[in-house]
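Just below is one structure, and these are the notes that go with it.
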Amino acid sequence: YSWDRLVRSSASPRRDSGISVLVTGAAGFVGSHVSLALKKRGDGVVGLDNFNDYYDPSLKRARQALLSQHEVFVVDGDINEAQLLARLFDSAQFTHVMHLAAQAGVRYAIENPHSYVRSNLAGLVTLLEACKSSDPQPAVVWASSSSVYGLNEKVPFSESDATDRPASLYAATKKAGEEITHSYNHIYGLSITGLRFFTVYGPWGRPDMAYFSFTKNILQGKPITIYRGKDGVALARDFTFIDDIVRGCVASLDTAGKSTGSGGKKTGPAPYRIFNLGNTSPVTVPKLVRILERNLKAKAKVIAKEMPGNGDVPFTHANISSARTELGYEPKTDLESGLKRFVKWYMSYYGDSNKGDTNPEESRQ
Ligand code: NAD
């Protein structure tokens with residue numbers, strides 16, 4: 001099989017679907033789940049991922065292997081490679097782009113600021129340029145983040161709330177991404193849907209995130225660090241289970257409209273939409289630890305520290321009424337049952353070796 005034939009066959013939908021999606025960041029946590037869900041219902045799916053080592057690349061390779069069992073081809077490549085993107089868009093007539101590739105994490109930016117600029121800004125523009133000049137023009141659904149609400153203290157967060165106080169460079173690049181995609185919508189008529197995910201967790205998750213590194217450390221008898229806000233208040237997050245996020249992503253894609261290239265029919269201005277995808281039920285980090293302890297049948301060694309003020313926000317809480325109304329989005333999984341599923345996966349993936357690789361610099365809370 002040649003590269004182009006692999007791309008074409010992976011991109012071709014089952015006859016009744018008519019949907020063909022390029023998923024960037026397909027070897028990532030959310031990207032691998034979304035790719036599988038789309039493929040399973042009959043859409044054509046091609047993945048793109050640069051397999052960088054922000055966290056253990058062997059986990060990304062394992063997700064790729066799972067995808068390849070379901071005949072999803074994941075191309076090794078970077079969203080900054082304009083020629084590669086042109087070749088991909090030429091080989092496959094993508095109706096949609098699900099853009100999930102990004103430099104994630106908050107504290108990693110202290111040492112690696114340019115990684116955020118490269119993937120979340122420059123890479124985003126290179127990808128939008130490819131979408132803009134592709135025929136048909138694909139509808140774009142992409143991952144923004146709840147972090148855009150930053151130090152905003154009004155809860156729950158609604159899409160129309162202020163996003164002018166980013167607490168990290170990561171948040172600033174996501175906020176800038178919203179402005180950048182909006183300009184492409186305005187100037188080139190690209191259909192854009194930005195999804196503000198709230199702390200996504202679950203099987204095949206990200207080792208740099210707190211629930212994951214806590215699990216590893218609790219099992220290995222190593223201490224975990226829990227941060228508290230300045231006034232001693234526990235941090236809280238609107239933890240959202242991966243299957244709920246996947247349903248939100250798929251519904252966004254289905255309501256984004258068909259492609260509006262020169263061949264397609266345009267019935268008005270292309271939509272620009274932003275949705276919160278959260279769980280509407282924040283849980284404190286100490287409570288998260290208690291649930292993990294119960295599931296792991298082990299006690300955590302907790303070191304409590306004051307939040308260092310290098311990127312984390314004290315709490316997040318999504319108002320999801322827009323997503324409910326327009327996407328039919330309804331989160332179904334509470335933290336108790338979601339963590340049970342995560343721990344089950346963790347045990348089967350890492351077995352007794354507990355080799356879950358975490359970046360010691362980062363344990364996002
Ligand atoms: P992830 O790191 O597991 O997935 C991102 C994937 O993109 C990785 O596999 C990485 O190798 C790839 N990638 C990064 N830069 C790339 C580039 N320049 N070119 C090609 N591939 C590249 O992260 P995730 O948790 O799956 O997040 C998916 C998206 O959702 C990201 O945009 C992230 O910012 C956003 N998001 C995630 C959360 C969460 O809690 N997981 C919350 C809010 C927003």
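Residues are named by chain letter and number: chains run A, B, ... in the order of the structure tokens, numbers start at 1 in each chain, and ligands are numbered from 1 in the order shown.
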
Considering only C-alpha atoms, return as a ChimeraX atom specification whatever protein or nucleic-acid residues lie within 8 Å of range 36-44 of chain A, sequence-local ones (same chain, fewer than 3 positions apart) excluded. /A:10-14,16-21,32-33,67,70,72,246,250

Ligand 1: which residues are within 7 Å, counting only C-alpha atoms and all ligand atoms, as a tab-separated table (two decimals) with C-alpha atoms, in the first residue's frame?
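Contents of the output file pocket_9.tsv:
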```tsv
chain	number	residue	atom	x	y	z
A	24	THR	CA	-5.21	16.29	14.09
A	25	GLY	CA	-3.71	15.06	17.36
A	26	ALA	CA	-5.24	11.64	16.60
A	27	ALA	CA	-2.64	9.77	18.68
A	28	GLY	CA	-3.52	12.00	21.64
A	29	PHE	CA	-6.01	11.27	24.41
A	30	VAL	CA	-9.11	12.99	23.03
A	31	GLY	CA	-8.08	12.56	19.37
A	48	LEU	CA	-2.27	13.32	11.87
A	49	ASP	CA	0.12	13.47	14.83
A	50	ASN	CA	3.75	14.41	15.38
A	51	PHE	CA	4.18	11.96	18.29
A	52	ASN	CA	6.16	14.50	20.31
A	60	LYS	CA	0.71	7.60	21.68
A	77	GLY	CA	3.53	14.65	10.66
A	78	ASP	CA	3.20	18.14	12.01
A	79	ILE	CA	0.46	20.72	11.48
A	80	ASN	CA	3.24	23.19	10.65
A	100	LEU	CA	-7.20	18.47	18.49
A	101	ALA	CA	-3.41	18.77	18.09
A	102	ALA	CA	-1.93	21.25	20.54
A	103	GLN	CA	0.72	21.80	23.14
A	104	ALA	CA	-1.33	21.11	26.23
A	118	ARG	CA	4.62	26.78	17.54
A	119	SER	CA	1.72	24.33	17.83
A	123	GLY	CA	0.45	25.44	13.51
A	143	ALA	CA	-10.43	22.28	20.88
A	144	SER	CA	-10.24	25.51	22.77
A	145	SER	CA	-10.23	25.19	26.56
A	146	SER	CA	-11.99	26.17	29.77
A	196	ARG	CA	-14.03	24.74	25.47
A	197	PHE	CA	-13.27	21.38	27.12
A	198	PHE	CA	-13.31	21.20	30.91
A	199	THR	CA	-10.65	18.89	32.47
A	200	VAL	CA	-11.17	15.72	30.44
A	201	TYR	CA	-10.27	12.38	32.04
A	206	ARG	CA	-2.84	11.98	29.65
```

Residue list (alpha helix (DSSP H), DSSP) for range 175-365 of chain A, as a ChimeraX atom specification: /A:175-188,210-220,242-255,285-296,321-327,335-350

8 Å contact set for Pro282 in chain A, only C-alpha atoms, chain neighbours under 5 positions out, as a PyMOL selection string: chain A and resi 236-239+315-317

Atoms kept (N, CA and C atoms) for selection, written as a PDB file, in the first residue's frame:
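Saved as part_17.pdb:
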```pdb
ATOM      1  N   ALA A 236     -10.871  23.204  42.733  1.00  0.00           N
ATOM      2  CA  ALA A 236     -11.953  22.340  42.241  1.00  0.00           C
ATOM      3  C   ALA A 236     -11.970  22.376  40.720  1.00  0.00           C
ATOM      4  N   ARG A 237     -12.318  21.245  40.126  1.00  0.00           N
ATOM      5  CA  ARG A 237     -12.374  21.143  38.675  1.00  0.00           C
ATOM      6  C   ARG A 237     -13.692  20.506  38.235  1.00  0.00           C
ATOM      7  N   ASP A 238     -14.172  20.946  37.080  1.00  0.00           N
ATOM      8  CA  ASP A 238     -15.374  20.371  36.497  1.00  0.00           C
ATOM      9  C   ASP A 238     -14.965  19.163  35.641  1.00  0.00           C
ATOM     10  N   PHE A 239     -14.492  18.086  36.301  1.00  0.00           N
ATOM     11  CA  PHE A 239     -13.968  16.908  35.602  1.00  0.00           C
ATOM     12  C   PHE A 239     -15.026  16.334  34.653  1.00  0.00           C
ATOM     13  N   PHE A 315     -10.609  27.310  40.321  1.00  0.00           N
ATOM     14  CA  PHE A 315     -11.744  26.419  40.083  1.00  0.00           C
ATOM     15  C   PHE A 315     -12.269  26.594  38.656  1.00  0.00           C
ATOM     16  N   THR A 316     -12.987  25.583  38.183  1.00  0.00           N
ATOM     17  CA  THR A 316     -13.686  25.701  36.901  1.00  0.00           C
ATOM     18  C   THR A 316     -15.077  25.092  37.060  1.00  0.00           C
ATOM     19  N   HIS A 317     -16.022  25.613  36.328  1.00  0.00           N
ATOM     20  CA  HIS A 317     -17.402  25.136  36.405  1.00  0.00           C
ATOM     21  C   HIS A 317     -18.115  25.600  35.133  1.00  0.00           C
TER      22      HIS A 317
END
```

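Considering the residues A:Phe212, A:Phe241, A:Phe73, A:Phe94 and counting only C-alpha atoms, Val7 in chain A has its shortest atom-to-atom contact with A:Phe73.
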
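Of the listed residues (A:Ala318, A:Cys249, A:Ile226, A:Val313), A:Val313 comes nearest to Asn152 in chain A; the distances count only C-alpha atoms.
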
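Distances to Val34 in chain A were evaluated for A:Phe89, A:Trp142, A:Tyr272, A:Trp3 using only C-alpha atoms, and the minimum falls at A:Trp142.
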
Can you pull out every residue from range 163-274 of chain A that DSSP, working from the backbone, puts in strand (DSSP E), and format the result as a JSON list (two decimals) with N, CA and C atoms, in the first residue's frame?
```json
[["chain", "number", "residue", "atom", "x", "y", "z"],
["A", 192, "ILE", "N", -16.63, 27.40, 11.61],
["A", 192, "ILE", "CA", -15.76, 27.17, 12.78],
["A", 192, "ILE", "C", -16.61, 26.84, 14.01],
["A", 193, "THR", "N", -16.22, 25.77, 14.70],
["A", 193, "THR", "CA", -16.81, 25.49, 16.02],
["A", 193, "THR", "C", -15.67, 25.31, 17.01],
["A", 194, "GLY", "N", -15.61, 26.16, 18.02],
["A", 194, "GLY", "CA", -14.59, 26.04, 19.07],
["A", 194, "GLY", "C", -15.20, 25.41, 20.30],
["A", 195, "LEU", "N", -14.56, 24.38, 20.83],
["A", 195, "LEU", "CA", -15.10, 23.67, 21.99],
["A", 195, "LEU", "C", -14.21, 23.92, 23.20],
["A", 196, "ARG", "N", -14.79, 24.49, 24.24],
["A", 196, "ARG", "CA", -14.03, 24.74, 25.47],
["A", 196, "ARG", "C", -14.19, 23.52, 26.38],
["A", 197, "PHE", "N", -13.24, 22.59, 26.27],
["A", 197, "PHE", "CA", -13.27, 21.38, 27.12],
["A", 197, "PHE", "C", -12.94, 21.75, 28.55],
["A", 200, "VAL", "N", -10.70, 17.00, 30.96],
["A", 200, "VAL", "CA", -11.17, 15.72, 30.44],
["A", 200, "VAL", "C", -10.33, 14.59, 31.05],
["A", 201, "TYR", "N", -10.99, 13.50, 31.45],
["A", 201, "TYR", "CA", -10.27, 12.38, 32.04],
["A", 201, "TYR", "C", -10.88, 11.08, 31.55],
["A", 223, "PRO", "N", 4.68, 10.08, 47.32],
["A", 223, "PRO", "CA", 3.82, 11.19, 47.72],
["A", 223, "PRO", "C", 3.19, 11.91, 46.54],
["A", 224, "ILE", "N", 2.04, 12.53, 46.78],
["A", 224, "ILE", "CA", 1.41, 13.39, 45.77],
["A", 224, "ILE", "C", 1.29, 14.80, 46.37],
["A", 225, "THR", "N", 1.35, 15.79, 45.51],
["A", 225, "THR", "CA", 1.25, 17.17, 45.98],
["A", 225, "THR", "C", -0.12, 17.73, 45.63],
["A", 226, "ILE", "N", -0.81, 18.23, 46.64],
["A", 226, "ILE", "CA", -2.12, 18.86, 46.42],
["A", 226, "ILE", "C", -1.98, 20.35, 46.69],
["A", 227, "TYR", "N", -2.42, 21.14, 45.75],
["A", 227, "TYR", "CA", -2.34, 22.59, 45.93],
["A", 227, "TYR", "C", -3.62, 23.15, 46.52],
["A", 228, "ARG", "N", -3.44, 24.21, 47.29],
["A", 228, "ARG", "CA", -4.59, 24.93, 47.84],
["A", 228, "ARG", "C", -4.51, 26.37, 47.37],
["A", 236, "ALA", "N", -10.87, 23.20, 42.73],
["A", 236, "ALA", "CA", -11.95, 22.34, 42.24],
["A", 236, "ALA", "C", -11.97, 22.38, 40.72],
["A", 237, "ARG", "N", -12.32, 21.24, 40.13],
["A", 237, "ARG", "CA", -12.37, 21.14, 38.68],
["A", 237, "ARG", "C", -13.69, 20.51, 38.23],
["A", 240, "THR", "N", -14.63, 16.13, 33.40],
["A", 240, "THR", "CA", -15.59, 15.67, 32.39],
["A", 240, "THR", "C", -15.08, 14.38, 31.75],
["A", 241, "PHE", "N", -15.93, 13.36, 31.75],
["A", 241, "PHE", "CA", -15.51, 12.04, 31.28],
["A", 241, "PHE", "C", -15.36, 12.03, 29.76],
["A", 272, "TYR", "N", -19.91, 30.67, 13.06],
["A", 272, "TYR", "CA", -18.81, 30.69, 14.02],
["A", 272, "TYR", "C", -19.43, 30.41, 15.38],
["A", 273, "ARG", "N", -19.08, 29.29, 15.99],
["A", 273, "ARG", "CA", -19.72, 28.90, 17.24],
["A", 273, "ARG", "C", -18.68, 28.57, 18.30],
["A", 274, "ILE", "N", -19.05, 28.80, 19.55],
["A", 274, "ILE", "CA", -18.20, 28.42, 20.70],
["A", 274, "ILE", "C", -19.10, 27.71, 21.72]]
```
